[in-house]
file my_file_2.pdb (PDB, C-alpha atoms)
ATOM      1  CA  MET C   1      -7.672  -0.640 -19.914
ATOM      2  CA  ALA C   2      -8.176   0.423 -16.293
ATOM      3  CA  GLN C   3      -9.759   3.762 -15.487
ATOM      4  CA  ASP C   4      -7.582   6.810 -14.913
ATOM      5  CA  PRO C   5      -6.094   6.231 -11.438
ATOM      6  CA  TYR C   6      -6.726   9.834 -10.369
ATOM      7  CA  LEU C   7     -10.430   9.399 -11.140
ATOM      8  CA  GLU C   8     -10.463   5.988  -9.460
ATOM      9  CA  LEU C   9      -9.131   7.451  -6.196
ATOM     10  CA  GLY C  10     -11.126  10.682  -6.544
ATOM     11  CA  VAL C  11      -8.106  13.001  -6.364
ATOM     12  CA  SER C  12      -6.852  15.774  -8.619
ATOM     13  CA  ARG C  13      -3.704  15.483 -10.716
ATOM     14  CA  SER C  14      -2.075  18.049  -8.428
ATOM     15  CA  ALA C  15      -2.806  15.986  -5.289
ATOM     16  CA  THR C  16       0.063  15.493  -2.861
ATOM     17  CA  THR C  17       1.376  12.052  -1.931
ATOM     18  CA  SER C  18      -0.315  12.349   1.471
ATOM     19  CA  GLU C  19      -3.659  13.208  -0.132
ATOM     20  CA  ILE C  20      -3.364  10.197  -2.447
ATOM     21  CA  ARG C  21      -2.529   7.892   0.470
ATOM     22  CA  ARG C  22      -5.466   9.203   2.523
ATOM     23  CA  ALA C  23      -7.849   8.692  -0.390
ATOM     24  CA  PHE C  24      -6.582   5.138  -0.893
ATOM     25  CA  HIS C  25      -6.855   4.302   2.830
ATOM     26  CA  LYS C  26     -10.449   5.535   2.929
ATOM     27  CA  LEU C  27     -11.555   3.618  -0.165
ATOM     28  CA  ALA C  28      -9.604   0.454   0.667
ATOM     29  CA  LYS C  29     -11.139   0.335   4.136
ATOM     30  CA  GLN C  30     -14.623   0.962   2.714
ATOM     31  CA  HIS C  31     -14.413  -1.715   0.010
ATOM     32  CA  HIS C  32     -12.114  -4.320   1.592
ATOM     33  CA  PRO C  33     -13.510  -7.852   1.026
ATOM     34  CA  ASP C  34     -13.336  -8.562   4.758
ATOM     35  CA  GLN C  35     -15.760  -5.674   5.316
ATOM     36  CA  ASN C  36     -18.040  -6.723   2.455
ATOM     37  CA  PRO C  37     -18.149 -10.544   2.332
ATOM     38  CA  GLY C  38     -19.775 -11.812  -0.838
ATOM     39  CA  ASN C  39     -20.116  -8.333  -2.364
ATOM     40  CA  LYS C  40     -18.556  -8.703  -5.819
ATOM     41  CA  ALA C  41     -18.977  -5.005  -6.643
ATOM     42  CA  SER C  42     -17.001  -3.953  -3.561
ATOM     43  CA  GLU C  43     -14.374  -6.593  -4.290
ATOM     44  CA  GLU C  44     -13.890  -5.268  -7.829
ATOM     45  CA  ARG C  45     -13.764  -1.679  -6.585
ATOM     46  CA  PHE C  46     -11.156  -2.684  -4.008
ATOM     47  CA  LYS C  47      -9.017  -4.211  -6.769
ATOM     48  CA  ARG C  48      -9.350  -1.081  -8.904
ATOM     49  CA  VAL C  49      -8.376   1.369  -6.157
ATOM     50  CA  SER C  50      -5.436  -0.884  -5.213
ATOM     51  CA  ALA C  51      -4.240  -0.923  -8.821
ATOM     52  CA  ALA C  52      -4.701   2.857  -9.047
ATOM     53  CA  PHE C  53      -2.626   3.369  -5.913
ATOM     54  CA  ASP C  54       0.047   1.089  -7.351
ATOM     55  CA  ILE C  55       0.434   3.625 -10.179
ATOM     56  CA  ILE C  56       0.124   7.076  -8.580
ATOM     57  CA  GLY C  57       1.080   6.079  -5.046
ATOM     58  CA  ASP C  58       4.576   5.389  -6.368
ATOM     59  CA  GLU C  59       6.446   8.581  -7.239
ATOM     60  CA  THR C  60       8.385   7.059 -10.151
ATOM     61  CA  LYS C  61       5.351   5.388 -11.713
ATOM     62  CA  ARG C  62       3.291   8.515 -11.228
ATOM     63  CA  LYS C  63       5.786  10.607 -13.184
ATOM     64  CA  LYS C  64       5.772   8.053 -15.989
ATOM     65  CA  PHE C  65       1.979   7.961 -16.072
ATOM     66  CA  ASP C  66       1.705  11.750 -16.092
ATOM     67  CA  ALA C  67       4.206  11.834 -18.962
ATOM     68  CA  GLY C  68       2.225   9.226 -20.917
ATOM     69  CA  GLN C  69       5.050   6.681 -20.701
ATOM     70  CA  ILE C  70       2.823   4.059 -19.050
ATOM     71  CA  ASP C  71      -0.923   3.516 -19.118
ATOM     72  CA  ALA C  72      -3.412   3.045 -16.291
ATOM     73  CA  ASP C  73      -2.491  -0.656 -16.155
ATOM     74  CA  GLY C  74       1.189   0.199 -15.673
ATOM     75  CA  ARG C  75       2.185  -1.040 -19.127
ATOM     76  CA  GLU C  76       4.523   0.964 -21.311
ATOM     77  CA  SER C  77       2.720   2.966 -23.980
ATOM     78  CA  MET C  78       3.609   2.119 -27.592
ATOM     79  CA  ARG C  79       5.318   4.952 -29.455
ATOM     80  CA  GLY C  80       6.058   3.412 -32.802
ATOM     81  CA  PHE C  81       3.652   5.415 -34.929
ATOM     82  CA  GLY C  82       4.068   9.102 -34.332
ATOM     83  CA  GLY C  83       3.859  10.374 -30.778
ATOM     84  CA  GLY C  84       3.210   8.727 -27.432
ATOM     85  CA  ALA C  85      -0.123   7.564 -26.179
ATOM     86  CA  GLY C  86      -1.232   9.844 -23.381
ATOM     87  CA  PRO C  87      -2.999   8.566 -20.269
ATOM     88  CA  GLY C  88      -6.425   9.208 -21.802
ATOM     89  CA  ALA C  89      -5.769   7.852 -25.293
ATOM     90  CA  ARG C  90      -8.272   5.275 -26.555
ATOM     91  CA  GLY C  91      -8.050   2.821 -29.383
ATOM     92  CA  GLN C  92      -4.721   4.166 -30.660
ATOM     93  CA  ALA C  93      -1.438   2.518 -31.432
ATOM     94  CA  GLY C  94       1.094   4.854 -29.880
ATOM     95  CA  GLY C  95      -1.063   7.897 -30.518
ATOM     96  CA  GLY C  96      -2.175   6.961 -34.065
ATOM     97  CA  PHE C  97      -0.758   7.848 -37.474
ATOM     98  CA  GLY C  98      -0.202  11.577 -37.375
ATOM     99  CA  GLY C  99      -2.668  11.914 -34.531
ATOM    100  CA  ALA C 100      -5.543  10.123 -36.323
ATOM    101  CA  GLN C 101      -7.990   8.306 -34.065
ATOM    102  CA  PHE C 102      -8.661   4.556 -34.433
ATOM    103  CA  ASP C 103     -11.358   4.187 -31.823
ATOM    104  CA  GLY C 104     -13.211   0.912 -32.360
ATOM    105  CA  VAL C 105     -11.145  -0.136 -35.406
ATOM    106  CA  ASP C 106      -9.459  -3.570 -35.534
ATOM    107  CA  LEU C 107      -5.831  -2.807 -36.385
ATOM    108  CA  ASN C 108      -5.229  -6.484 -37.191
ATOM    109  CA  ASP C 109      -7.662  -6.154 -40.099
ATOM    110  CA  ILE C 110      -6.005  -2.957 -41.356
ATOM    111  CA  PHE C 111      -2.470  -4.285 -41.257
ATOM    112  CA  GLY C 112      -3.608  -7.674 -42.571
ATOM    113  CA  ASP C 113      -4.852  -5.986 -45.736
ATOM    114  CA  MET C 114      -1.679  -3.942 -46.075
ATOM    115  CA  PHE C 115       0.852  -6.705 -45.507
ATOM    116  CA  GLY C 116      -1.015  -9.823 -46.616
ATOM    117  CA  SER C 117      -1.359 -13.082 -44.753
ATOM    118  CA  ARG C 118       2.005 -12.648 -43.022
ATOM    119  CA  GLY C 119       0.615  -9.719 -41.097
ATOM    120  CA  GLY C 120      -2.966 -10.893 -40.789
ATOM    121  CA  ARG C 121      -4.557 -13.040 -38.154
ATOM    122  CA  GLY C 122      -3.770 -16.687 -38.741
ATOM    123  CA  GLY C 123      -0.682 -15.922 -40.867
ATOM    124  CA  ASN C 124       2.542 -17.813 -40.341
ATOM    125  CA  GLY C 125       4.987 -14.940 -40.744
ATOM    126  CA  GLY C 126       7.201 -14.025 -37.820
ATOM    127  CA  GLY C 127       6.325 -10.330 -38.091
ATOM    128  CA  GLY C 128       2.542 -10.726 -38.074
ATOM    129  CA  PHE C 129       0.247  -8.740 -35.858
ATOM    130  CA  GLY C 130      -1.448 -11.870 -34.553
ATOM    131  CA  ASN C 131       1.686 -13.986 -34.064
ATOM    132  CA  GLY C 132       3.987 -12.194 -31.672
ATOM    133  CA  GLY C 133       3.940  -8.914 -33.597
ATOM    134  CA  PRO C 134       3.444  -5.512 -31.978
ATOM    135  CA  PHE C 135      -0.307  -6.059 -31.543
ATOM    136  CA  ALA C 136      -0.242  -9.671 -30.305
ATOM    137  CA  SER C 137      -2.035 -10.225 -27.004
ATOM    138  CA  LYS C 138      -0.024 -10.453 -23.832
ATOM    139  CA  GLY C 139      -0.549 -13.342 -21.467
ATOM    140  CA  ALA C 140      -3.019 -13.133 -18.605
ATOM    141  CA  ASP C 141      -2.119 -11.532 -15.302
ATOM    142  CA  VAL C 142      -2.001 -13.756 -12.236
ATOM    143  CA  ARG C 143      -3.049 -12.673  -8.750
ATOM    144  CA  ALA C 144      -2.067 -13.707  -5.256
ATOM    145  CA  LYS C 145      -2.253 -12.464  -1.676
ATOM    146  CA  LEU C 146       0.735 -12.029   0.624
ATOM    147  CA  ASP C 147       0.764 -11.469   4.393
ATOM    148  CA  ILE C 148       3.629  -9.303   5.636
ATOM    149  CA  ASP C 149       4.766  -7.988   9.014
ATOM    150  CA  LEU C 150       4.557  -4.341  10.020
ATOM    151  CA  GLU C 151       8.359  -4.145   9.922
ATOM    152  CA  ASP C 152       8.286  -5.261   6.259
ATOM    153  CA  ALA C 153       5.923  -2.376   5.472
ATOM    154  CA  ILE C 154       8.178   0.116   7.256
ATOM    155  CA  PHE C 155      11.571  -1.001   5.961
ATOM    156  CA  GLY C 156      10.687  -2.918   2.776
ATOM    157  CA  GLY C 157      12.289  -6.249   1.958
ATOM    158  CA  LYS C 158      11.990  -9.476   0.017
ATOM    159  CA  LYS C 159       9.306 -12.128   0.432
ATOM    160  CA  ARG C 160       8.886 -15.397  -1.436
ATOM    161  CA  ILE C 161       5.384 -16.176  -2.641
ATOM    162  CA  ALA C 162       4.061 -19.411  -4.160
ATOM    163  CA  PHE C 163       1.334 -19.450  -6.825
ATOM    164  CA  GLY C 164      -1.252 -22.167  -7.430
ATOM    165  CA  ASP C 165       0.687 -23.579 -10.388
ATOM    166  CA  GLY C 166       3.720 -24.223  -8.173
ATOM    167  CA  LYS C 167       5.681 -21.216  -9.421
ATOM    168  CA  THR C 168       7.510 -19.190  -6.749
ATOM    169  CA  ILE C 169       8.555 -15.547  -7.002
ATOM    170  CA  ASP C 170      10.718 -13.377  -4.781
ATOM    171  CA  ALA C 171       8.641 -10.211  -4.419
ATOM    172  CA  SER C 172      10.147  -6.882  -3.368
ATOM    173  CA  ILE C 173       8.028  -5.191  -0.675
ATOM    174  CA  PRO C 174       8.245  -1.409  -1.183
ATOM    175  CA  VAL C 175       9.159   0.875   1.689
ATOM    176  CA  GLY C 176       5.989   2.480   3.027
ATOM    177  CA  ALA C 177       3.691  -0.339   1.876
ATOM    178  CA  VAL C 178       0.122  -0.112   3.157
ATOM    179  CA  ASP C 179      -2.540  -2.695   3.907
ATOM    180  CA  GLY C 180      -4.486  -3.629   0.773
ATOM    181  CA  GLN C 181      -1.843  -2.296  -1.626
ATOM    182  CA  THR C 182      -1.272  -4.277  -4.828
ATOM    183  CA  ILE C 183       2.237  -4.560  -6.252
ATOM    184  CA  ARG C 184       2.866  -5.495  -9.862
ATOM    185  CA  LEU C 185       5.675  -7.831 -10.954
ATOM    186  CA  ARG C 186       6.096  -7.367 -14.682
ATOM    187  CA  GLY C 187       6.486 -10.389 -16.897
ATOM    188  CA  GLN C 188       5.740 -12.876 -14.119
ATOM    189  CA  GLY C 189       2.263 -13.845 -15.331
ATOM    190  CA  THR C 190       0.966 -16.314 -17.897
ATOM    191  CA  ALA C 191       2.889 -16.605 -21.176
ATOM    192  CA  GLY C 192       1.326 -15.120 -24.321
ATOM    193  CA  ARG C 193       2.234 -14.413 -27.953
ATOM    194  CA  GLY C 194       2.851 -10.775 -27.093
ATOM    195  CA  GLY C 195       4.868 -11.660 -24.012
ATOM    196  CA  PRO C 196       3.957 -12.775 -20.502
ATOM    197  CA  GLY C 197       1.421 -10.994 -18.335
ATOM    198  CA  ASP C 198       2.139  -9.620 -14.895
ATOM    199  CA  ALA C 199       1.807 -10.922 -11.354
ATOM    200  CA  LEU C 200      -0.399  -8.777  -9.104
ATOM    201  CA  ILE C 201       0.179  -9.321  -5.398
ATOM    202  CA  GLU C 202      -2.180  -7.883  -2.789
ATOM    203  CA  LEU C 203      -0.480  -7.099   0.528
ATOM    204  CA  THR C 204      -2.050  -7.644   3.938
ATOM    205  CA  ILE C 205      -0.215  -6.361   7.009
ATOM    206  CA  ARG C 206      -0.532  -8.758   9.944
ATOM    207  CA  PRO C 207      -1.721  -7.301  13.288
ATOM    208  CA  HIS C 208       1.288  -6.514  15.472
ATOM    209  CA  PRO C 209       1.333  -7.628  19.120
ATOM    210  CA  LEU C 210       2.721  -4.267  20.286
ATOM    211  CA  PHE C 211       2.177  -1.551  17.693
ATOM    212  CA  ARG C 212      -1.046  -0.407  16.064
ATOM    213  CA  ARG C 213      -1.816   2.048  13.323
ATOM    214  CA  GLU C 214      -4.079   4.993  14.110
ATOM    215  CA  GLY C 215      -4.659   7.096  11.011
ATOM    216  CA  GLU C 216      -1.233   7.934   9.590
ATOM    217  CA  GLY C 217       0.512   7.373  12.932
ATOM    218  CA  LEU C 218       1.910   4.440  14.900
ATOM    219  CA  VAL C 219       0.902   3.986  18.554
ATOM    220  CA  MET C 220       1.897   1.613  21.348
ATOM    221  CA  ASP C 221       0.899   1.131  24.995
ATOM    222  CA  LEU C 222       3.767   1.490  27.462
ATOM    223  CA  ALA C 223       3.258   0.015  30.938
ATOM    224  CA  VAL C 224       4.900   1.989  33.781
ATOM    225  CA  SER C 225       4.922   1.259  37.501
ATOM    226  CA  VAL C 226       3.224   3.483  40.065
ATOM    227  CA  PRO C 227       6.550   4.721  41.538
ATOM    228  CA  ASP C 228       7.897   5.559  38.072
ATOM    229  CA  ALA C 229       4.694   7.438  37.222
ATOM    230  CA  VAL C 230       4.760   9.367  40.516
ATOM    231  CA  LEU C 231       8.480  10.121  40.716
ATOM    232  CA  GLY C 232       9.479  10.017  37.048
ATOM    233  CA  ALA C 233      11.998   7.583  35.624
ATOM    234  CA  LYS C 234      14.057   6.373  32.692
ATOM    235  CA  VAL C 235      12.343   3.342  31.151
ATOM    236  CA  GLN C 236      12.990   1.103  28.179
ATOM    237  CA  ALA C 237      10.528   1.041  25.303
ATOM    238  CA  GLN C 238      10.453  -1.250  22.272
ATOM    239  CA  THR C 239      10.310   0.313  18.792
ATOM    240  CA  PRO C 240      10.341  -1.171  15.266
ATOM    241  CA  ASP C 241      14.069  -0.298  15.254
ATOM    242  CA  GLY C 242      14.817  -1.972  18.585
ATOM    243  CA  PRO C 243      14.677  -0.897  22.256
ATOM    244  CA  VAL C 244      15.284   2.732  23.273
ATOM    245  CA  THR C 245      15.373   4.558  26.607
ATOM    246  CA  LEU C 246      12.907   7.368  27.227
ATOM    247  CA  THR C 247      12.027   9.632  30.120
ATOM    248  CA  VAL C 248       8.717   9.337  31.961
ATOM    249  CA  PRO C 249       7.975  12.763  33.480
ATOM    250  CA  ARG C 250       7.241  13.072  37.196
ATOM    251  CA  GLY C 251       3.521  12.845  37.969
ATOM    252  CA  SER C 252       2.552  11.077  34.727
ATOM    253  CA  ASN C 253      -0.947   9.655  34.337
ATOM    254  CA  SER C 254      -2.289   6.830  32.206
ATOM    255  CA  GLY C 255      -3.064   8.104  28.733
ATOM    256  CA  ALA C 256      -0.179  10.555  28.606
ATOM    257  CA  LEU C 257       1.666  10.401  25.267
ATOM    258  CA  LEU C 258       5.416  10.334  24.771
ATOM    259  CA  ARG C 259       6.660  10.992  21.240
ATOM    260  CA  LEU C 260       9.532   9.019  19.766
ATOM    261  CA  LYS C 261      10.586  10.969  16.687
ATOM    262  CA  GLY C 262      11.392   9.068  13.513
ATOM    263  CA  ARG C 263      10.421   5.680  14.944
ATOM    264  CA  GLY C 264       7.031   5.313  13.261
ATOM    265  CA  LEU C 265       5.709   4.441   9.805
ATOM    266  CA  SER C 266       7.485   5.136   6.513
ATOM    267  CA  ASP C 267       6.054   6.938   3.519
ATOM    268  CA  VAL C 268       6.838   5.935  -0.073
ATOM    269  CA  ARG C 269      10.010   8.071  -0.007
ATOM    270  CA  GLY C 270      11.295   6.318   3.118
ATOM    271  CA  ASN C 271      10.616   9.275   5.438
ATOM    272  CA  ARG C 272       9.704   8.069   8.934
ATOM    273  CA  GLY C 273       6.900   9.418  11.062
ATOM    274  CA  ASP C 274       6.774   9.352  14.866
ATOM    275  CA  LEU C 275       5.857   6.594  17.297
ATOM    276  CA  LEU C 276       3.534   7.592  20.135
ATOM    277  CA  ALA C 277       3.918   5.726  23.433
ATOM    278  CA  LYS C 278       0.704   5.873  25.480
ATOM    279  CA  LEU C 279       1.451   5.458  29.182
ATOM    280  CA  VAL C 280      -0.502   2.864  31.147
ATOM    281  CA  VAL C 281       0.142   3.124  34.903
ATOM    282  CA  THR C 282       0.166  -0.479  36.074
ATOM    283  CA  LEU C 283      -0.136  -1.995  39.553
ATOM    284  CA  PRO C 284       1.858  -5.088  40.588
ATOM    285  CA  GLU C 285       0.361  -8.389  39.426
ATOM    286  CA  LYS C 286       0.382  -9.701  42.993
ATOM    287  CA  PRO C 287      -1.169  -7.682  45.868
ATOM    288  CA  ASP C 288       1.396  -5.642  47.787
ATOM    289  CA  ALA C 289       0.531  -5.245  51.480
ATOM    290  CA  GLU C 290       2.710  -2.168  51.979
ATOM    291  CA  LEU C 291       1.243  -0.448  48.941
ATOM    292  CA  GLU C 292      -2.270  -1.230  50.174
ATOM    293  CA  ARG C 293      -1.500   0.255  53.621
ATOM    294  CA  PHE C 294      -0.092   3.351  51.974
ATOM    295  CA  ALA C 295      -3.194   3.668  49.777
ATOM    296  CA  GLU C 296      -5.521   3.308  52.787
ATOM    297  CA  ALA C 297      -3.681   6.044  54.666
ATOM    298  CA  TRP C 298      -3.602   8.262  51.580
ATOM    299  CA  ARG C 299      -7.356   7.824  51.016
ATOM    300  CA  LYS C 300      -8.067   8.636  54.670
ATOM    301  CA  ASP C 301      -5.787  11.638  55.086
ATOM    302  CA  ARG C 302      -5.661  13.094  51.542
ATOM    303  CA  PRO C 303      -8.898  12.286  49.723
ATOM    304  CA  TYR C 304      -9.148  13.585  46.170
ATOM    305  CA  GLN C 305     -11.252  13.118  43.057
ATOM    306  CA  PRO C 306      -9.388  12.543  39.783
ATOM    307  CA  ALA C 307      -9.929  15.328  37.269
ATOM    308  CA  LYS C 308     -12.323  14.432  34.495
ATOM    309  CA  ARG C 309     -10.614  14.120  31.137
ATOM    310  CA  ARG C 310     -11.899  16.041  28.180
ATOM    311  CA  SER C 311     -13.373  13.868  25.465
TER     312      SER C 311
END

call {"tool": "encode", "arguments": {"input": "my_file_2.pdb", "output": "structure tokens"}}
result
Amino acid sequence: MAQDPYLELGVSRSATTSEIRRAFHKLAKQHHPDQNPGNKASEERFKRVSAAFDIIGDETKRKKFDAGQIDADGRESMRGFGGGAGPGARGQAGGGFGGAQFDGVDLNDIFGDMFGSRGGRGGNGGGGFGNGGPFASKGADVRAKLDIDLEDAIFGGKKRIAFGDGKTIDASIPVGAVDGQTIRLRGQGTAGRGGPGDALIELTIRPHPLFRREGEGLVMDLAVSVPDAVLGAKVQAQTPDGPVTLTVPRGSNSGALLRLKGRGLSDVRGNRGDLLAKLVVTLPEKPDAELERFAEAWRKDRPYQPAKRRS
């Protein structure tokens, strides 16, 4: 079983969704395979933090985990023998018989002695614990990687993914997906006597030609002409939702930020952050004789030194 996801991400059980996301971003960036080529330890840690975020980064799954309804691997806890298995339970079948611990005990051996060869390993009975019974092993999980666009991460959607064995699956991309996140598709793995395993899909967000992520925010460069920067203007800006019109204030400089509310990244609840448009005052691509004459006269008659920006 995987480690407790709270411990894996280094957050408390009372952590907010934002705190969990920040912890995941930090660890995923630190241990991403692209940052640590050939480092198996970092690769395994990256997989573990991704799986942990898959559990407690999702509000619904987190509630189920906290209630002991699913374990750290996202599988439903067995409750057939007196009480549910809590997140920290070890070696128990649904919490044990009357709370008794079975750490390190082979339940197949116990039930084999109680029920005979039908329940034991190698028996032919349909209700055995080694032949599709409640303790039969599930099939292996399968893993794959999926590249998605930034818009898919913001709005969610469906993507088809092909596995090495030729099997294809339509995967649902959750709203608010983040780079390096692993999503779990239950029952889509290898078949087993206890049922099929799961498909684990690691998401990679492709670089966007216009937008870039900075921390928890979304930023873009917005080119504006010299006259529009000097005099102010209404200009069109592209957003993940489509083009919008915004106002460039009179006397704007390169580096000034305009905020477009609700046009940025989504969180797991679908709430949108803001998009910041960073102004870049841009000269014409071809030399403009009139503009050059104006600049010469300005430099001669009204010399000035640009104010130094604070770092």

call {"tool": "resolve_selection", "arguments": {"input": "my_file_2.pdb", "expression": "the PyMOL selection byres ((chain C and resi 216) around 9)", "output": "PyMOL selection string"}}
result
chain C and resi 22+213-215+217-218+265+273

call {"tool": "residues_around", "arguments": {"input": "my_file_2.pdb", "residues": "segment 4-18 of chain C", "least_positions_apart": "6", "cutoff": "10 Å", "atoms": "only C-alpha atoms", "output": "VMD selection string"}}
result
chain C and resid 24 to 28 45 48 to 59 62 65 to 66 71 to 73 87 to 88 216 267 to 269

call {"tool": "write_last_selection", "arguments": {"input": "my_file_2.pdb", "atoms": "C-alpha atoms", "output": "short mmCIF file (atom, residue, chain, number, x, y, z; two decimals), in the coordinates of the input"}}
result
data_model
loop_
_atom_site.label_atom_id
_atom_site.label_comp_id
_atom_site.auth_asym_id
_atom_site.auth_seq_id
_atom_site.Cartn_x
_atom_site.Cartn_y
_atom_site.Cartn_z
CA PHE C 24 -6.58 5.14 -0.89
CA HIS C 25 -6.86 4.30 2.83
CA LYS C 26 -10.45 5.54 2.93
CA LEU C 27 -11.56 3.62 -0.16
CA ALA C 28 -9.60 0.45 0.67
CA ARG C 45 -13.76 -1.68 -6.58
CA ARG C 48 -9.35 -1.08 -8.90
CA VAL C 49 -8.38 1.37 -6.16
CA SER C 50 -5.44 -0.88 -5.21
CA ALA C 51 -4.24 -0.92 -8.82
CA ALA C 52 -4.70 2.86 -9.05
CA PHE C 53 -2.63 3.37 -5.91
CA ASP C 54 0.05 1.09 -7.35
CA ILE C 55 0.43 3.62 -10.18
CA ILE C 56 0.12 7.08 -8.58
CA GLY C 57 1.08 6.08 -5.05
CA ASP C 58 4.58 5.39 -6.37
CA GLU C 59 6.45 8.58 -7.24
CA ARG C 62 3.29 8.52 -11.23
CA PHE C 65 1.98 7.96 -16.07
CA ASP C 66 1.70 11.75 -16.09
CA ASP C 71 -0.92 3.52 -19.12
CA ALA C 72 -3.41 3.04 -16.29
CA ASP C 73 -2.49 -0.66 -16.16
CA PRO C 87 -3.00 8.57 -20.27
CA GLY C 88 -6.42 9.21 -21.80
CA GLU C 216 -1.23 7.93 9.59
CA ASP C 267 6.05 6.94 3.52
CA VAL C 268 6.84 5.94 -0.07
CA ARG C 269 10.01 8.07 -0.01
#

call {"tool": "atom_distance", "arguments": {"input": "my_file_2.pdb", "atom1": "atom CA of Ala171 of chain C", "atom2": "atom CA of Ala144 of chain C"}}
result
11.3 Å

call {"tool": "closest_atom_pairs", "arguments": {"input": "my_file_2.pdb", "of": "segment 270-297 of chain C", "to": "segment 234-250 of chain C", "cutoff": "9 Å", "atoms": "all atoms listed in the file", "output": "tab-separated table"}}
result
residue	atom	partner	partner_atom	distance
C:Leu275	CA	C:Thr239	CA	7.8
C:Ala277	CA	C:Ala237	CA	8.3
C:Leu279	CA	C:Val248	CA	8.7

call {"tool": "atom_distance", "arguments": {"input": "my_file_2.pdb", "atom1": "atom CA of Lys61 of chain C", "atom2": "atom CA of Ile20 of chain C"}}
result
13.6 Å

call {"tool": "resolve_selection", "arguments": {"input": "my_file_2.pdb", "expression": "the PyMOL selection byres ((chain C and resi 221) around 9)", "output": "PDB file with C-alpha atoms, in the coordinates of the input"}}
result
ATOM      1  CA  LEU C 210       2.721  -4.267  20.286  1.00  0.00           C
ATOM      2  CA  PHE C 211       2.177  -1.551  17.693  1.00  0.00           C
ATOM      3  CA  VAL C 219       0.902   3.986  18.554  1.00  0.00           C
ATOM      4  CA  MET C 220       1.897   1.613  21.348  1.00  0.00           C
ATOM      5  CA  LEU C 222       3.767   1.490  27.462  1.00  0.00           C
ATOM      6  CA  ALA C 223       3.258   0.015  30.938  1.00  0.00           C
ATOM      7  CA  GLY C 255      -3.064   8.104  28.733  1.00  0.00           C
ATOM      8  CA  LEU C 276       3.534   7.592  20.135  1.00  0.00           C
ATOM      9  CA  ALA C 277       3.918   5.726  23.433  1.00  0.00           C
ATOM     10  CA  LYS C 278       0.704   5.873  25.480  1.00  0.00           C
ATOM     11  CA  LEU C 279       1.451   5.458  29.182  1.00  0.00           C
ATOM     12  CA  VAL C 280      -0.502   2.864  31.147  1.00  0.00           C
TER      13      VAL C 280
END

call {"tool": "residues_near_point", "arguments": {"input": "my_file_2.pdb", "point": "(-4.6, -10.7, -5.5)", "cutoff": "9 Å", "atoms": "all atoms listed in the file", "output": "list in words"}}
result
Lys47, Val142, Arg143, Ala144, Lys145, Leu146, Thr182, Ala199, Leu200, Ile201, Glu202 and Leu203 of chain C

call {"tool": "resolve_selection", "arguments": {"input": "my_file_2.pdb", "expression": "the PyMOL selection byres ((chain C and resi 156-162) around 9)", "output": "ChimeraX atom specification"}}
result
/C:144-146,148,151-155,163-177

call {"tool": "axis_aligned_box", "arguments": {"input": "my_file_2.pdb", "around": "segment 222-229 of chain C", "padding_each_side": "4 Å", "output": "AutoDock Vina command-line options"}}
result
--center_x 5.6 --center_y 3.7 --center_z 34.5 --size_x 12.7 --size_y 15.4 --size_z 22.1

call {"tool": "atom_distance", "arguments": {"input": "my_file_2.pdb", "atom1": "atom CA of Ile70 of chain C", "atom2": "atom CA of Gly187 of chain C"}}
result
15.1 Å

call {"tool": "closest_residue", "arguments": {"input": "my_file_2.pdb", "among": "C:Gln35, C:Leu258, C:Ser225, C:Arg75", "to": "Leu185 of chain C", "atoms": "only C-alpha atoms"}}
result
C:Arg75

call {"tool": "closest_residue", "arguments": {"input": "my_file_2.pdb", "among": "C:Gly195, C:Pro207, C:Pro284, C:Gly264", "to": "Pro227 of chain C", "atoms": "all atoms listed in the file"}}
result
C:Pro284

call {"tool": "decode", "arguments": {"input": "my_file_2.pdb", "residues": "segment 268-276 of chain C", "atoms": "N, CA and C atoms", "output": "PDB file, in the first residue's frame"}}
result
ATOM      1  N   VAL C 268      -9.301  23.014  -8.489  1.00  0.00           N
ATOM      2  CA  VAL C 268     -10.016  21.744  -8.618  1.00  0.00           C
ATOM      3  C   VAL C 268     -11.528  21.920  -8.509  1.00  0.00           C
ATOM      4  N   ARG C 269     -11.980  23.043  -7.966  1.00  0.00           N
ATOM      5  CA  ARG C 269     -13.427  23.298  -7.855  1.00  0.00           C
ATOM      6  C   ARG C 269     -13.974  24.024  -9.086  1.00  0.00           C
ATOM      7  N   GLY C 270     -13.065  24.388 -10.014  1.00  0.00           N
ATOM      8  CA  GLY C 270     -13.504  25.117 -11.198  1.00  0.00           C
ATOM      9  C   GLY C 270     -13.461  26.618 -11.042  1.00  0.00           C
ATOM     10  N   ASN C 271     -12.972  27.125  -9.889  1.00  0.00           N
ATOM     11  CA  ASN C 271     -12.860  28.568  -9.693  1.00  0.00           C
ATOM     12  C   ASN C 271     -11.680  29.094 -10.514  1.00  0.00           C
ATOM     13  N   ARG C 272     -11.897  30.199 -11.226  1.00  0.00           N
ATOM     14  CA  ARG C 272     -10.871  30.745 -12.105  1.00  0.00           C
ATOM     15  C   ARG C 272     -10.090  31.859 -11.427  1.00  0.00           C
ATOM     16  N   GLY C 273      -8.785  31.839 -11.607  1.00  0.00           N
ATOM     17  CA  GLY C 273      -7.945  32.936 -11.184  1.00  0.00           C
ATOM     18  C   GLY C 273      -7.892  34.008 -12.258  1.00  0.00           C
ATOM     19  N   ASP C 274      -6.953  34.945 -12.114  1.00  0.00           N
ATOM     20  CA  ASP C 274      -6.849  36.069 -13.047  1.00  0.00           C
ATOM     21  C   ASP C 274      -5.730  35.832 -14.063  1.00  0.00           C
ATOM     22  N   LEU C 275      -5.849  36.507 -15.189  1.00  0.00           N
ATOM     23  CA  LEU C 275      -4.817  36.522 -16.213  1.00  0.00           C
ATOM     24  C   LEU C 275      -4.162  37.900 -16.173  1.00  0.00           C
ATOM     25  N   LEU C 276      -2.828  37.916 -16.084  1.00  0.00           N
ATOM     26  CA  LEU C 276      -2.097  39.174 -16.071  1.00  0.00           C
ATOM     27  C   LEU C 276      -1.493  39.414 -17.445  1.00  0.00           C
TER      28      LEU C 276
END
